[in-house]
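S.K.: Just passing along the structure, written as structure tokens.
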Amino acid sequence: MKIALVREKYTDFGGAERYLANLAEHLLMSGHEVHIFAHEWNSRGMKHSEASRFHVHKVPVIRGLSVLKVISFAINVRRLLKQEQFDIIHSFERTLYQDVYRAGDGCHREWLLQRRQIDPWYKRISIRLNPLHIVLLAIERRIFKDGNYRMIIANSDRGKREIVHHYGVPSERITVIYNAVDQDRYILNDSDEARTQIRKSLAIPSTDRVLLFVGSGFRRKGLRATMQALSELDSTMRLIVVGKDRVRSYRKLAEALGIKNRVHFTGPVVDTERYYNASDLFIFPTIYEPFSNVCLEAMAAGLPVVTSMINGASEAVTEGENGFIVKNPVDAHEIARKIQEGLGLSRASLREFNSELLKKFSWKQHMEKLSKVYEDLMWKNRQNA
């Protein structure tokens, strides 16, 4: 097939971006012709021989105001897509033209509801008047209107329920395909060496227990509550924060909480598997997340996972077996308690449990389900021709 993949940023950083990079590679390996429509392109982790096989289309945008960037990307990518014929147009972005829309970013309407937990009252008022949110909601309504899509893909049961609830999309028009993870990448042959090197580079004693937080956009993903929880835990417990965001306010928070020397910011990294192997528990009390890939990555690396109920990835967590679920993502006391319980899990039994669990999150199963969506749409095309 000739397949177009649409995403505003195509990079190695961020769960959604890494998912798209992996998907593109698997489509290539399956013999498809892959076209990527993006404004930003960066794939340092991909082999040059693989990257050269993609057809990359640069989508121009208007820089400056975020709302103009969103509008110009949506309009320009539609214009570019219509210049060629594709068997499948698969969009991962809120755009105006697609066959398949993967709601990997969830419902913007649901996110605006959930963020009330952390927004002051005046912010809630300003959001209603913000042109960016007005435009995103308008595009989202258009995507989910009958006739503007052929199939919707949600990456969790929760995400599917949100789309049905907010936009009335018929349940049968939404297919749930969970995210996939490459287990082999996160099981390192030199795991002890990686653990030693990472800890040494951050001046973390080998006897200290390490919590790992991975994600860009710290506010939405619960870093503040994580740090508050850390302040309630034993002083020999550390926190590594991997991801891109402004850290100044969080460094100030760490100082105010008395944990300045226990929080380590690394910025975005490509080799996240080494940080998983250097840690003892993965913590991700997000305010809103359709399905966080990093939780699967942590499971593949053998870490217990503590995440919030609002995260679609919580559907892969069985409490007491491979992690714990936080009901209130802004409750530092609950988060601290769940962390302590998570650290008490048997690592040997956890690894065995996850090894079996993650079989249904393999790329093989993922591609089989996605291929069926593509093939069904192609068959319908032939029927209508």
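Residue numbers start at 1 in each chain; chains themselves are named A, B, ... in the order of the structure tokens; ligands are numbered from 1 in the order shown.
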List the spatial neighbours of Arg220 of chain A as a list in words - criterion: any atom at most 7 Å away, only C-alpha atoms, same-chain residues fewer than 2 positions off excluded.
M.R.: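 Returned residues: Gly217, Phe218, Gly222, Thr286, Ile287 and Tyr288 of chain A.
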S.K.: Env of Tyr250 of chain A: 12 Å cut, atoms = only C-alpha atoms, seq-sep filter 5 positions within chain, self excluded. Answer as a PyMOL selection string.
M.R.: chain A and resi 218-219+222-228+241+245+255-257+259-260+263-265
S.K.: Find the residues near Lys58 of chain A: any atom within 10 Å, counting only C-alpha atoms, skip ones fewer than 5 places away on the same chain, and give them as a list in words.
M.R.: Glu8, Ile36, Phe37, Ala38, His39, Glu40, Trp41, Asn76, Val77 and Leu80 of chain A
S.K.: I want to know what sits within 7 Å of segment 101-114 of chain A, based on only C-alpha atoms, with residues of the same chain fewer than 4 positions away left out; could you give that as a PyMOL selection string?
M.R.: chain A and resi 90-92+137+151-155+159+162-163+287-288+290
S.K.: Would you mind writing down, as a VMD selection string, each residue of segment 248-363 of chain A that DSSP on the backbone assigns to strand (DSSP E or B)?
M.R.: chain A and resid 263 to 267 281 to 284 289 305 to 308 311 319 323 to 326
S.K.: Put those residues in a file: C-alpha atoms, as an mmCIF file, in the first residue's frame.
M.R.:
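What ended up in out_18.cif:
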data_model
loop_
_atom_site.group_PDB
_atom_site.id
_atom_site.type_symbol
_atom_site.label_atom_id
_atom_site.label_comp_id
_atom_site.auth_asym_id
_atom_site.auth_seq_id
_atom_site.Cartn_x
_atom_site.Cartn_y
_atom_site.Cartn_z
ATOM 1 C CA VAL A 263 15.914 15.287 42.259
ATOM 2 C CA HIS A 264 17.956 14.896 39.067
ATOM 3 C CA PHE A 265 16.877 16.499 35.759
ATOM 4 C CA THR A 266 18.430 14.996 32.611
ATOM 5 C CA GLY A 267 16.488 16.708 29.823
ATOM 6 C CA LEU A 281 10.215 2.078 40.257
ATOM 7 C CA PHE A 282 8.483 4.051 37.535
ATOM 8 C CA ILE A 283 6.196 6.869 38.702
ATOM 9 C CA PHE A 284 3.715 8.627 36.416
ATOM 10 C CA GLU A 289 -3.050 10.587 29.385
ATOM 11 C CA VAL A 305 4.656 1.042 37.698
ATOM 12 C CA VAL A 306 2.664 3.555 39.718
ATOM 13 C CA THR A 307 0.334 5.618 37.546
ATOM 14 C CA SER A 308 -3.040 7.328 37.737
ATOM 15 C CA ASN A 311 -3.986 7.077 32.257
ATOM 16 C CA GLU A 319 -2.486 -3.942 41.444
ATOM 17 C CA GLY A 323 2.239 -1.921 40.078
ATOM 18 C CA PHE A 324 -0.416 0.247 41.656
ATOM 19 C CA ILE A 325 -3.019 2.741 40.457
ATOM 20 C CA VAL A 326 -3.468 6.208 41.979
#
S.K.: Using only C-alpha atoms, what table do you get, as a Markdown table, when you list each residue of segment 244-304 of chain A with an atom no more than 12 Å from segment 359-382 of chain A, its nearest pair of atoms, and their distance in Å rounded to one decimal, rows by chain then rising number?
M.R.:
| residue | atom | partner | partner_atom | distance |
| --- | --- | --- | --- | --- |
| A:Asn293 | CA | A:Phe361 | CA | 10.5 |
| A:Cys295 | CA | A:Phe361 | CA | 11.7 |
| A:Leu296 | CA | A:Phe361 | CA | 8.3 |
| A:Glu297 | CA | A:Phe361 | CA | 10.6 |
| A:Met299 | CA | A:Phe361 | CA | 11.0 |
| A:Ala300 | CA | A:Phe361 | CA | 10.2 |
S.K.: Determine which residues of segment 116-254 of chain A receive a DSSP assignment of alpha helix (DSSP H), computed from the backbone, and state them as a PyMOL selection string.
M.R.: chain A and resi 121-129+131-143+157-167+183-186+191-201+218-221+223-230+248-254
S.K.: For Asn189 of chain A, work out the shell of residues within 12 Å, counting only C-alpha atoms and skipping chain neighbours fewer than 4 positions away, then give it as number ranges by chain.
M.R.: A: 184-185, 193-195, 273-274, 277, 301
S.K.: Kindly indicate which residue among A:Val135, A:Ile204, A:Val176, A:Val56 lies nearest to Gly312 of chain A, using only C-alpha atoms for the distances.
M.R.: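 For Gly312 of chain A, the nearest of the candidates is A:Val176.
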S.K.: Could you tell me how far atom CA of Leu230 of chain A lies from atom CA of Arg251 of chain A, in Å and to one decimal?
M.R.: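 Value for the atom CA of Leu230 of chain A-atom CA of Arg251 of chain A distance: 13.7 Å.
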S.K.: As an NGL selection string, please: the residues near Met1 of chain A (cut-off 12 Å, only C-alpha atoms, same-chain neighbours under 3 positions excluded).
M.R.: :A and (4 or 27-28 or 30-35 or 85-89 or 371 or 374-375 or 377-378)
